[in-house]
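File shown: coords-v5.cif. Contents: mmCIF, C-alpha atoms.
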data_query
loop_
_atom_site.label_atom_id
_atom_site.label_comp_id
_atom_site.auth_asym_id
_atom_site.auth_seq_id
_atom_site.Cartn_x
_atom_site.Cartn_y
_atom_site.Cartn_z
CA MET A 1 54.49 43.35 10.40
CA ASN A 2 51.28 45.34 10.43
CA HIS A 3 52.16 48.79 11.78
CA ASN A 4 49.02 48.84 13.92
CA ILE A 5 50.38 45.76 15.71
CA ALA A 6 53.79 47.41 16.03
CA GLY A 7 52.11 50.45 17.56
CA MET A 8 50.29 48.38 20.17
CA PHE A 9 53.57 47.08 21.55
CA LYS A 10 55.80 50.09 20.79
CA PHE A 11 58.41 48.10 18.93
CA ASP A 12 61.58 49.81 17.72
CA GLU A 13 61.51 50.20 13.93
CA LYS A 14 64.90 48.50 13.61
CA LEU A 15 63.60 45.53 15.62
CA ILE A 16 60.56 45.23 13.32
CA LYS A 17 62.80 45.08 10.26
CA LEU A 18 65.15 42.56 11.85
CA ALA A 19 62.22 40.38 12.96
CA GLU A 20 60.81 40.37 9.43
CA ILE A 21 64.14 39.16 8.06
CA ALA A 22 64.39 36.50 10.79
CA GLU A 23 60.90 35.26 9.99
CA GLN A 24 61.68 35.06 6.27
CA ASN A 25 64.86 33.13 7.05
CA CYS A 26 62.76 30.58 8.98
CA SER A 27 60.27 29.91 6.16
CA GLY A 28 61.89 26.63 5.10
CA SER A 29 61.97 25.32 8.65
CA PHE A 30 58.35 26.37 9.19
CA ARG A 31 57.23 24.29 6.20
CA LYS A 32 58.97 21.22 7.62
CA PHE A 33 57.35 21.77 11.01
CA GLU A 34 53.93 21.99 9.38
CA GLU A 35 54.50 18.74 7.46
CA THR A 36 55.37 16.97 10.71
CA ALA A 37 52.29 18.43 12.39
CA GLU A 38 50.08 17.24 9.53
CA PHE A 39 51.36 13.67 9.89
CA ASN A 40 51.00 13.68 13.68
CA GLY A 41 47.57 15.28 13.52
CA ALA A 42 46.41 12.55 11.13
CA LYS A 43 47.85 9.91 13.45
CA VAL A 44 45.95 11.33 16.42
CA LEU A 45 42.70 11.67 14.47
CA ASN A 46 43.00 8.06 13.31
CA ALA A 47 43.53 6.88 16.90
CA PHE A 48 40.44 8.79 18.05
CA ALA A 49 38.36 7.17 15.32
CA GLU A 50 39.68 3.63 15.73
CA ASN A 51 39.17 3.70 19.51
CA LYS A 52 35.63 5.08 19.13
CA VAL A 53 36.00 8.25 21.17
CA SER A 54 32.50 9.47 21.93
CA GLU A 55 30.82 12.15 24.01
CA SER A 56 30.32 9.60 26.77
CA CYS A 57 34.14 9.49 27.13
CA PHE A 58 34.07 13.08 28.37
CA TYR A 59 31.87 12.40 31.40
CA GLY A 60 33.90 12.17 34.57
CA SER A 61 33.55 9.60 37.30
CA THR A 62 33.71 10.01 41.08
CA GLY A 63 34.72 7.86 44.01
CA TYR A 64 36.61 4.74 42.99
CA GLY A 65 36.11 5.44 39.28
CA TYR A 66 35.28 1.84 38.35
CA GLY A 67 34.47 1.35 34.66
CA ASP A 68 35.39 4.87 33.57
CA ILE A 69 35.09 4.52 29.79
CA GLY A 70 36.80 7.85 29.14
CA ARG A 71 39.84 6.94 31.22
CA GLU A 72 40.16 3.55 29.55
CA THR A 73 39.70 4.96 26.04
CA LEU A 74 42.24 7.76 26.59
CA ASP A 75 44.84 5.17 27.60
CA LYS A 76 44.17 3.30 24.36
CA VAL A 77 44.44 6.45 22.26
CA TYR A 78 47.82 7.35 23.79
CA ALA A 79 49.06 3.79 23.38
CA GLN A 80 48.13 3.73 19.68
CA VAL A 81 49.65 7.12 18.89
CA PHE A 82 52.85 6.34 20.78
CA GLY A 83 53.11 2.82 19.38
CA THR A 84 52.95 1.04 22.74
CA GLU A 85 51.10 -1.87 24.30
CA ASP A 86 49.51 0.23 27.03
CA ALA A 87 49.44 3.67 28.62
CA LEU A 88 48.58 5.27 31.93
CA VAL A 89 47.22 8.80 31.41
CA ARG A 90 46.04 10.47 34.60
CA HIS A 91 45.31 13.92 35.95
CA ASN A 92 46.65 12.60 39.30
CA PHE A 93 50.23 13.13 38.11
CA VAL A 94 51.10 16.53 39.51
CA SER A 95 54.12 17.08 37.26
CA GLY A 96 56.48 15.39 34.85
CA THR A 97 58.81 14.68 37.74
CA HIS A 98 55.98 12.94 39.59
CA ALA A 99 55.27 10.72 36.57
CA LEU A 100 58.98 9.92 36.21
CA SER A 101 59.26 9.16 39.92
CA THR A 102 56.23 6.86 39.70
CA ALA A 103 57.80 5.01 36.79
CA LEU A 104 61.17 4.61 38.51
CA PHE A 105 59.66 3.40 41.79
CA GLY A 106 57.22 1.23 39.86
CA VAL A 107 59.85 -0.65 37.89
CA LEU A 108 62.90 -0.76 40.20
CA ARG A 109 63.38 -3.05 43.22
CA LYS A 110 65.94 -3.39 45.99
CA GLY A 111 69.36 -4.28 44.61
CA ASP A 112 68.54 -3.09 41.09
CA LEU A 113 70.87 -0.74 39.24
CA LEU A 114 69.61 2.42 37.56
CA VAL A 115 71.99 3.91 34.99
CA SER A 116 71.45 7.38 33.57
CA ILE A 117 73.18 7.20 30.20
CA THR A 118 72.74 10.89 29.35
CA GLY A 119 74.72 12.31 32.23
CA LYS A 120 73.29 13.90 35.33
CA PRO A 121 69.47 13.97 35.21
CA TYR A 122 67.26 17.02 35.55
CA ASP A 123 67.56 18.92 38.83
CA THR A 124 64.21 17.85 40.28
CA LEU A 125 65.08 14.15 39.95
CA GLU A 126 68.24 14.36 42.03
CA GLU A 127 66.41 13.97 45.34
CA VAL A 128 64.14 11.28 43.87
CA ILE A 129 67.21 9.22 43.04
CA GLY A 130 69.09 10.18 46.20
CA ILE A 131 72.15 11.86 44.72
CA SER A 132 71.20 15.03 46.60
CA GLY A 133 69.01 15.80 49.59
CA GLU A 134 68.94 14.17 52.99
CA ALA A 135 69.32 10.45 53.56
CA GLY A 136 66.17 8.79 54.83
CA ASN A 137 63.76 10.96 52.85
CA GLY A 138 62.47 8.01 50.79
CA SER A 139 64.68 8.26 47.72
CA LEU A 140 65.47 5.31 45.44
CA MET A 141 68.82 4.89 47.18
CA ASP A 142 67.07 4.72 50.54
CA TYR A 143 65.22 1.67 49.21
CA GLY A 144 68.44 -0.06 48.20
CA ILE A 145 68.45 0.88 44.54
CA GLU A 146 71.91 1.55 43.14
CA TYR A 147 72.72 4.40 40.78
CA ALA A 148 75.37 5.08 38.14
CA GLN A 149 75.63 7.51 35.28
CA VAL A 150 77.48 7.79 32.01
CA ASP A 151 78.77 11.31 31.56
CA LEU A 152 78.42 12.90 28.16
CA ASN A 153 81.27 13.72 25.84
CA SER A 154 82.53 17.29 25.90
CA ASP A 155 80.32 18.16 22.91
CA GLY A 156 77.19 16.89 24.65
CA THR A 157 76.93 13.67 22.68
CA PRO A 158 76.49 10.28 24.40
CA ASP A 159 79.53 8.12 25.07
CA TYR A 160 78.26 4.99 23.30
CA ASP A 161 81.16 2.72 24.24
CA LYS A 162 80.87 3.70 27.90
CA ILE A 163 77.11 3.15 27.77
CA THR A 164 77.58 -0.43 26.54
CA GLU A 165 80.05 -1.10 29.34
CA THR A 166 78.11 0.54 32.18
CA VAL A 167 74.65 -0.96 31.54
CA LYS A 168 75.80 -4.60 31.74
CA ASN A 169 74.13 -5.12 35.12
CA ALA A 170 71.49 -2.41 34.85
CA LYS A 171 67.79 -3.02 35.42
CA VAL A 172 66.92 0.38 33.90
CA ALA A 173 68.86 2.44 31.38
CA TYR A 174 67.52 5.98 31.65
CA ILE A 175 67.55 8.55 28.83
CA GLN A 176 66.67 12.20 29.28
CA ARG A 177 65.63 13.48 25.89
CA SER A 178 65.51 17.18 26.65
CA ARG A 179 68.51 19.18 27.78
CA GLY A 180 67.32 20.40 31.17
CA TYR A 181 69.44 23.29 32.41
CA SER A 182 72.40 22.36 30.26
CA LEU A 183 73.65 23.51 26.89
CA ARG A 184 73.93 20.08 25.32
CA PRO A 185 71.55 19.32 22.43
CA ALA A 186 68.18 17.68 22.95
CA TYR A 187 68.23 14.19 21.48
CA THR A 188 66.52 13.30 18.22
CA LEU A 189 65.05 9.90 17.44
CA ASP A 190 68.18 9.04 15.48
CA ASP A 191 70.24 9.79 18.59
CA ILE A 192 67.94 7.72 20.80
CA GLU A 193 68.02 4.79 18.36
CA LYS A 194 71.82 4.79 18.58
CA MET A 195 71.59 4.82 22.38
CA VAL A 196 69.15 1.90 22.30
CA LYS A 197 71.58 -0.12 20.17
CA ALA A 198 74.46 0.69 22.55
CA ILE A 199 72.34 -0.40 25.53
CA LYS A 200 71.19 -3.63 23.89
CA LYS A 201 74.76 -4.45 22.93
CA GLY A 202 75.76 -4.35 26.60
CA ASN A 203 72.56 -5.69 28.14
CA PRO A 204 69.69 -7.00 25.98
CA ASP A 205 67.46 -7.29 29.07
CA ALA A 206 67.81 -3.71 30.29
CA ILE A 207 64.59 -1.72 30.46
CA ILE A 208 65.03 1.43 28.38
CA MET A 209 63.18 4.33 29.97
CA VAL A 210 62.94 7.75 28.29
CA ASP A 211 62.02 11.04 29.89
CA ASN A 212 60.06 12.33 26.89
CA CYS A 213 59.14 15.72 28.38
CA TYR A 214 59.16 18.48 25.72
CA GLY A 215 59.68 15.85 23.00
CA GLU A 216 56.20 14.65 22.05
CA PHE A 217 55.24 15.32 18.40
CA ILE A 218 58.58 16.99 17.64
CA GLU A 219 59.18 14.32 15.01
CA GLU A 220 56.78 11.94 13.31
CA PHE A 221 57.44 9.16 15.80
CA GLU A 222 58.34 8.72 19.48
CA PRO A 223 61.20 6.93 21.28
CA THR A 224 59.02 3.83 21.67
CA HIS A 225 59.07 3.48 17.88
CA VAL A 226 62.87 3.08 17.95
CA GLY A 227 63.21 0.62 20.82
CA ALA A 228 62.43 2.39 24.10
CA ASP A 229 60.42 0.21 26.48
CA ILE A 230 58.67 3.01 28.33
CA ILE A 231 58.28 6.79 27.93
CA ILE A 232 57.04 9.38 30.38
CA GLY A 233 55.80 12.95 30.02
CA SER A 234 53.72 15.80 31.40
CA LEU A 235 50.34 17.02 30.16
CA ILE A 236 51.17 20.65 30.89
CA LYS A 237 53.90 20.35 28.29
CA ASN A 238 53.49 19.10 24.71
CA ALA A 239 50.98 16.29 25.12
CA GLY A 240 48.34 18.42 26.85
CA GLY A 241 48.13 20.84 23.95
CA GLY A 242 47.71 23.87 26.22
CA ILE A 243 44.30 22.58 27.32
CA ALA A 244 45.00 20.00 30.04
CA ARG A 245 45.33 21.76 33.39
CA THR A 246 47.41 19.03 35.01
CA GLY A 247 48.45 15.42 34.55
CA GLY A 248 51.00 13.15 32.97
CA TYR A 249 51.38 9.87 31.14
CA ILE A 250 53.42 6.68 31.18
CA ALA A 251 53.34 4.60 27.99
CA GLY A 252 55.14 1.41 27.03
CA ARG A 253 55.21 -2.33 27.59
CA ALA A 254 52.03 -3.53 29.27
CA ASP A 255 53.84 -5.26 32.14
CA LEU A 256 55.80 -2.12 32.97
CA VAL A 257 52.76 0.16 32.76
CA GLU A 258 50.91 -2.19 35.13
CA LYS A 259 53.73 -1.99 37.69
CA CYS A 260 53.70 1.80 37.42
CA SER A 261 49.93 1.85 37.95
CA TYR A 262 50.42 -0.12 41.17
CA ARG A 263 52.77 2.61 42.36
CA LEU A 264 50.32 5.38 41.44
CA THR A 265 47.34 3.73 43.17
CA CYS A 266 47.97 0.45 44.98
CA VAL A 267 49.02 -3.10 44.26
CA GLY A 268 46.17 -5.19 42.91
CA MET A 269 44.05 -2.23 41.81
CA GLY A 270 46.34 -0.26 39.52
CA LYS A 271 44.58 1.13 36.47
CA GLU A 272 41.15 -0.15 37.48
CA VAL A 273 40.56 2.67 39.95
CA GLY A 274 40.92 6.43 39.97
CA CYS A 275 38.04 8.77 39.30
CA THR A 276 38.51 11.35 36.56
CA LEU A 277 36.15 14.04 37.93
CA ASP A 278 35.70 16.57 35.09
CA MET A 279 39.13 16.15 33.51
CA ASN A 280 38.53 13.71 30.63
CA ARG A 281 37.31 16.19 28.03
CA GLU A 282 40.27 18.53 28.33
CA MET A 283 42.79 15.68 28.25
CA PHE A 284 41.21 14.35 25.04
CA LEU A 285 40.95 17.82 23.49
CA GLY A 286 44.47 18.79 24.50
CA PHE A 287 45.95 15.64 22.97
CA PHE A 288 43.94 16.22 19.79
CA LEU A 289 45.32 19.77 19.47
CA ALA A 290 48.84 18.88 20.56
CA PRO A 291 50.44 18.29 17.12
CA ASP A 292 49.51 21.79 15.92
CA VAL A 293 50.31 23.43 19.25
CA VAL A 294 53.74 21.79 19.24
CA CYS A 295 54.21 23.08 15.69
CA ASN A 296 53.51 26.63 16.92
CA ALA A 297 55.99 26.17 19.76
CA LYS A 298 58.64 24.95 17.29
CA LYS A 299 58.02 27.97 15.05
CA THR A 300 58.36 30.30 18.03
CA SER A 301 61.54 28.55 19.08
CA ALA A 302 63.10 28.72 15.61
CA PHE A 303 62.15 32.40 15.23
CA ALA A 304 63.71 33.21 18.61
CA SER A 305 66.87 31.34 17.69
CA GLU A 306 67.23 33.19 14.40
CA LEU A 307 66.43 36.64 15.79
CA LEU A 308 68.73 36.33 18.79
CA SER A 309 71.50 34.82 16.64
CA MET A 310 71.27 37.84 14.35
CA LEU A 311 71.79 39.98 17.44
CA GLY A 312 75.00 38.13 18.22
CA PHE A 313 73.84 35.70 20.91
CA GLU A 314 74.71 32.00 20.86
CA CYS A 315 71.53 29.94 20.44
CA SER A 316 70.88 26.22 20.39
CA PRO A 317 69.38 24.73 18.32
CA ARG A 318 69.65 27.00 15.29
CA LYS A 319 66.66 27.42 13.00
CA ASP A 320 67.62 24.63 10.59
CA ASP A 321 68.91 22.12 13.14
CA THR A 322 67.01 18.88 13.66
CA ARG A 323 65.14 19.36 16.92
CA GLY A 324 64.69 16.96 19.79
CA ASP A 325 62.37 19.23 21.81
CA ILE A 326 60.58 22.59 21.78
CA ILE A 327 63.29 24.44 23.72
CA THR A 328 65.80 27.02 22.56
CA ALA A 329 68.73 27.79 24.84
CA ILE A 330 70.05 31.34 24.50
CA LYS A 331 73.38 32.20 26.07
CA LEU A 332 72.93 35.82 27.20
CA GLY A 333 76.19 36.20 29.09
CA ASN A 334 75.23 38.17 32.18
CA GLU A 335 72.49 38.46 34.77
CA LYS A 336 71.17 41.83 33.55
CA LEU A 337 70.52 40.56 30.04
CA LEU A 338 69.04 37.36 31.43
CA THR A 339 66.56 39.10 33.71
CA ALA A 340 65.67 41.68 31.05
CA PHE A 341 64.88 38.91 28.56
CA CYS A 342 62.62 37.18 31.08
CA ARG A 343 60.85 40.45 31.92
CA GLY A 344 60.15 40.96 28.22
CA ILE A 345 58.77 37.45 27.80
CA GLN A 346 56.48 38.12 30.77
CA LYS A 347 55.22 41.30 29.11
CA GLY A 348 54.17 39.18 26.14
CA ALA A 349 52.09 36.81 28.24
CA PRO A 350 48.29 36.78 27.97
CA VAL A 351 48.07 36.30 31.74
CA ASP A 352 49.98 38.32 34.38
CA SER A 353 51.78 40.42 31.76
CA PHE A 354 51.99 43.23 34.31
CA VAL A 355 54.07 41.36 36.90
CA THR A 356 57.86 41.39 37.12
CA PRO A 357 59.67 38.03 37.33
CA GLU A 358 62.16 37.72 40.17
CA ALA A 359 64.65 34.94 40.91
CA TRP A 360 63.67 32.77 43.88
CA ASP A 361 64.46 29.49 45.62
CA MET A 362 62.24 27.04 43.74
CA PRO A 363 61.69 23.60 45.33
CA GLY A 364 63.98 20.97 43.84
CA TYR A 365 66.58 23.38 42.43
CA SER A 366 70.05 24.12 43.82
CA ASP A 367 70.27 27.70 42.48
CA LYS A 368 67.82 30.57 42.44
CA VAL A 369 65.62 30.37 39.35
CA ILE A 370 63.96 33.15 37.41
CA MET A 371 60.87 32.17 35.47
CA ALA A 372 58.73 34.17 33.07
CA ALA A 373 55.47 32.33 32.63
CA GLY A 374 52.22 34.20 32.27
CA ALA A 375 50.11 31.19 31.43
CA PHE A 376 46.49 30.04 31.53
CA THR A 377 47.80 27.00 33.44
CA MET A 378 50.40 27.72 36.08
CA GLY A 379 53.79 26.32 35.07
CA ALA A 380 52.56 25.09 31.68
CA SER A 381 55.71 25.23 29.58
CA ILE A 382 53.89 24.47 26.34
CA GLU A 383 52.74 28.06 26.77
CA LEU A 384 55.42 30.67 26.10
CA SER A 385 57.83 30.76 28.99
CA ALA A 386 61.48 31.34 29.74
CA ASP A 387 63.41 30.28 32.79
CA ALA A 388 66.95 29.95 34.00
CA PRO A 389 69.04 29.33 37.08
CA ILE A 390 71.03 32.38 38.14
CA ARG A 391 74.46 30.98 37.38
CA GLU A 392 77.10 30.94 34.66
CA PRO A 393 76.85 31.12 31.67
CA PHE A 394 73.60 33.05 32.27
CA ALA A 395 71.71 31.17 29.59
CA VAL A 396 67.93 31.17 29.37
CA TRP A 397 65.80 28.25 28.24
CA MET A 398 62.77 29.41 26.27
CA GLN A 399 59.91 27.15 25.27
CA GLY A 400 56.29 27.11 24.25
CA GLY A 401 53.92 29.31 22.33
CA ILE A 402 50.44 27.84 21.87
CA THR A 403 49.94 30.26 18.97
CA TYR A 404 52.74 31.45 16.75
CA THR A 405 51.45 35.04 16.80
CA SER A 406 51.68 35.31 20.58
CA GLY A 407 54.99 33.46 20.63
CA LYS A 408 56.57 35.74 18.05
CA LEU A 409 55.35 38.88 19.83
CA GLY A 410 56.64 37.56 23.15
CA VAL A 411 60.11 37.02 21.71
CA MET A 412 60.12 40.50 20.19
CA LEU A 413 59.07 42.01 23.52
CA ALA A 414 61.97 40.21 25.18
CA VAL A 415 64.38 41.85 22.74
CA GLN A 416 62.60 45.20 23.09
CA GLU A 417 63.07 45.04 26.87
CA MET A 418 66.81 44.58 26.42
CA ILE A 419 66.83 47.57 24.05
CA ASP A 420 64.80 49.74 26.43
CA GLU A 421 67.17 48.98 29.29
CA GLY A 422 70.13 50.05 27.17
CA LEU A 423 71.69 46.59 27.21
CA ILE A 424 71.75 46.03 23.44
CA SER A 425 71.31 48.11 20.32
CA ILE A 426 70.41 47.20 16.74
CA ASN A 427 72.64 48.57 14.03
CA GLU A 428 71.35 49.54 10.59
#
Go ahead and render the structure in this file as structure tokens.
Amino acid sequence: MNHNIAGMFKFDEKLIKLAEIAEQNCSGSFRKFEETAEFNGAKVLNAFAENKVSESCFYGSTGYGYGDIGRETLDKVYAQVFGTEDALVRHNFVSGTHALSTALFGVLRKGDLLVSITGKPYDTLEEVIGISGEAGNGSLMDYGIEYAQVDLNSDGTPDYDKITETVKNAKVAYIQRSRGYSLRPAYTLDDIEKMVKAIKKGNPDAIIMVDNCYGEFIEEFEPTHVGADIIIGSLIKNAGGGIARTGGYIAGRADLVEKCSYRLTCVGMGKEVGCTLDMNREMFLGFFLAPDVVCNAKKTSAFASELLSMLGFECSPRKDDTRGDIITAIKLGNEKLLTAFCRGIQKGAPVDSFVTPEAWDMPGYSDKVIMAAGAFTMGASIELSADAPIREPFAVWMQGGITYTSGKLGVMLAVQEMIDEGLISINE
């Protein structure tokens, strides 16, 4: 590391040396990440060209938004890149959870069975489904939709035999690709393909829905390339490339996307309405940049995993593991280390680096959550961030890094904060 850079951030000399070794150890993984980014970048560029993206696509519409060429072209670009019949890409989705909720309500009907085959879903979906929260609040269960789940094996892997048995009467088999606030691995495309086969064995007609948040462009293909019927994600995560300020997408079979569009707008109008205001350009640009931005986030994640592992902390995934998402889970062991790590990540943020993260009662979560996220877009977890519920085993989930330089420095500042607070030391 350039010593002028080290001086700017007042890094401990021992930390600088350790970080240099960690970075060298990651060189092989970095090359693989760059190869994946090159393939995905070419795929996106080709989709832009074949769908004739032009400057006129960037002009926003108002009012009803009839005939918005940018909106219609962006849907086609997403559909081509993700290998689907259709897509619904809209700034109107306020979060990934909103897009997932729209898809679930769009596809399911009274008396249908929803089966989560990857255990309990992410915290913010619990009230959407109805497995927590008050009855009568408009959850899926309130509308007569039944729910079951297949718990994971003790090692975090899917129980394939149980999946085949449980989905026999399911309308939707639901897969959460990323780990959420758990320590199980994020699922690779190989894992998802095995799940698809287990589902089809038990119920060939089941709709396979994948929460693809944090998973876009991690590998060369997406879950829809290995049998998923519909995938959903957020634009302030991978697919927005750090540019989109809001939004989400639903991509998959045309009939399913149409039903989801009816839920987002209204029956009979669906995708034909919805003005885009001034949002088209940034959604196109963000998607164009996304493969390289995701590559930077993967590099940051691998570097963090290697550096923290060298310091004796349990990290998942390790630098050479096949990744299913951009997240690294770091088991810190106690609340002091957890909060110090988050404070250090915050100090490495380009925005609000001077503020101190505090745990608070976030909507949709059962425990207090601490979140370090000094981002250009609030809550954008493709930008470097770290968050965790304040509960055992006091693990933190770190993700993002739209540039590798800023991501690397943020991770080092997190370690430096733990050193400065006397919580860890680095031996020669």
- Item | Residue neighbourhood Leu108 (chain A), 8 Å, only C-alpha atoms, exclusion window fewer than 3 positions, as a PyMOL selection string | chain A and resi 104-105+112+114+145+171-172
- Task: Report as a ChimeraX atom specification the residues that result from applying the PyMOL selection byres ((chain A and resi 61) around 9) to the structure here.
- Result: /A:59-60,62-68,70,274-278
- Message: Residues near Ile402 (chain A), anyone? I mean within 8 Å using all atoms listed in the file, not counting same-chain ones fewer than 5 positions away, as a PyMOL selection string.
- Response: chain A and resi 241-242+293-294+296-297+382-384+407
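Using only C-alpha atoms, the nearest neighbour of Leu140 (chain A) within the list A:Cys213, A:Ile117, A:Leu307, A:Val107 is A:Val107.
Between Ser381 (chain A) and the residues A:Ile5, A:Val44, A:Met398, A:Ala49, the shortest atom-to-atom distance, using all atoms listed in the file, involves A:Met398.
Distances to Leu409 (chain A) were evaluated for A:His98, A:Lys347, A:His91, A:Arg245 using all atoms listed in the file, and the minimum falls at A:Lys347.
Across the model, the gap from CA of Asp229 (chain A) to CA of Phe217 (chain A) is 17.9 Å.
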- Task: Would you write out, as a list of chain:residue names, every residue that the PyMOL selection byres ((chain A and resi 118) around 7) captures in this file?
- Result: A:Ser116, A:Ile117, A:Gly119, A:Lys120, A:Val150, A:Asp151, A:Leu152, A:Pro158, A:Ile175, A:Gln176
- Item | Two-atom distance - CA of Gly248 (chain A), CA of Tyr174 (chain A) (Å) | 18.1 Å
- Which residues fall under the PyMOL selection byres ((chain A and resi 305) around 8) in this file, as a PyMOL selection string? chain A and resi 301-304+306-309+315-319+328+330
May I have the protein, DNA and RNA residues with any atom at most 10 Å from the point (44.8, 5.5, 20.7), counting only C-alpha atoms, written as a PDB file with C-alpha atoms, in the coordinates of the input?
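Contents of out-v2.pdb, as written:
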ATOM      1  CA  LYS A  43      47.850   9.910  13.450  1.00  0.00           C
ATOM      2  CA  VAL A  44      45.950  11.330  16.420  1.00  0.00           C
ATOM      3  CA  LEU A  45      42.700  11.670  14.470  1.00  0.00           C
ATOM      4  CA  ASN A  46      43.000   8.060  13.310  1.00  0.00           C
ATOM      5  CA  ALA A  47      43.530   6.880  16.900  1.00  0.00           C
ATOM      6  CA  PHE A  48      40.440   8.790  18.050  1.00  0.00           C
ATOM      7  CA  ALA A  49      38.360   7.170  15.320  1.00  0.00           C
ATOM      8  CA  GLU A  50      39.680   3.630  15.730  1.00  0.00           C
ATOM      9  CA  ASN A  51      39.170   3.700  19.510  1.00  0.00           C
ATOM     10  CA  LYS A  52      35.630   5.080  19.130  1.00  0.00           C
ATOM     11  CA  VAL A  53      36.000   8.250  21.170  1.00  0.00           C
ATOM     12  CA  THR A  73      39.700   4.960  26.040  1.00  0.00           C
ATOM     13  CA  LEU A  74      42.240   7.760  26.590  1.00  0.00           C
ATOM     14  CA  ASP A  75      44.840   5.170  27.600  1.00  0.00           C
ATOM     15  CA  LYS A  76      44.170   3.300  24.360  1.00  0.00           C
ATOM     16  CA  VAL A  77      44.440   6.450  22.260  1.00  0.00           C
ATOM     17  CA  TYR A  78      47.820   7.350  23.790  1.00  0.00           C
ATOM     18  CA  ALA A  79      49.060   3.790  23.380  1.00  0.00           C
ATOM     19  CA  GLN A  80      48.130   3.730  19.680  1.00  0.00           C
ATOM     20  CA  VAL A  81      49.650   7.120  18.890  1.00  0.00           C
ATOM     21  CA  PHE A  82      52.850   6.340  20.780  1.00  0.00           C
ATOM     22  CA  GLY A  83      53.110   2.820  19.380  1.00  0.00           C
ATOM     23  CA  THR A  84      52.950   1.040  22.740  1.00  0.00           C
ATOM     24  CA  ASP A  86      49.510   0.230  27.030  1.00  0.00           C
ATOM     25  CA  ALA A  87      49.440   3.670  28.620  1.00  0.00           C
TER      26      ALA A  87
END
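The coordinates place CA of Asn334 (chain A) at 20.6 Å from CA of Ala373 (chain A).
Here the question is which of A:Gly379, A:Gly344, A:Gly215, A:Gly7 gets nearest to Ser178 (chain A) using only C-alpha atoms, and that residue is A:Gly215.
Residue neighbourhood of region 130-136 of chain A, excluding near-sequence residues (fewer than 2 positions): A:Ser101, A:Leu114, A:Lys120, A:Pro121, A:Tyr122, A:Asp123, A:Thr124, A:Leu125, A:Glu126, A:Glu127, A:Val128, A:Gly138, A:Ser139, A:Leu140, A:Met141, A:Asp142, A:Tyr143, A:Gly144, A:Ile145, A:Glu146, A:Tyr147, A:Ala148, A:Gln149, A:Pro363, A:Gly364, A:Tyr365, A:Ser366, at 12 Å, using only C-alpha atoms.
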- Item | Shell around Ile370 (chain A) at 6 Å using all atoms listed in the file, local window under 3 positions removed, as an NGL selection string | :A and (358-359 or 387-388)
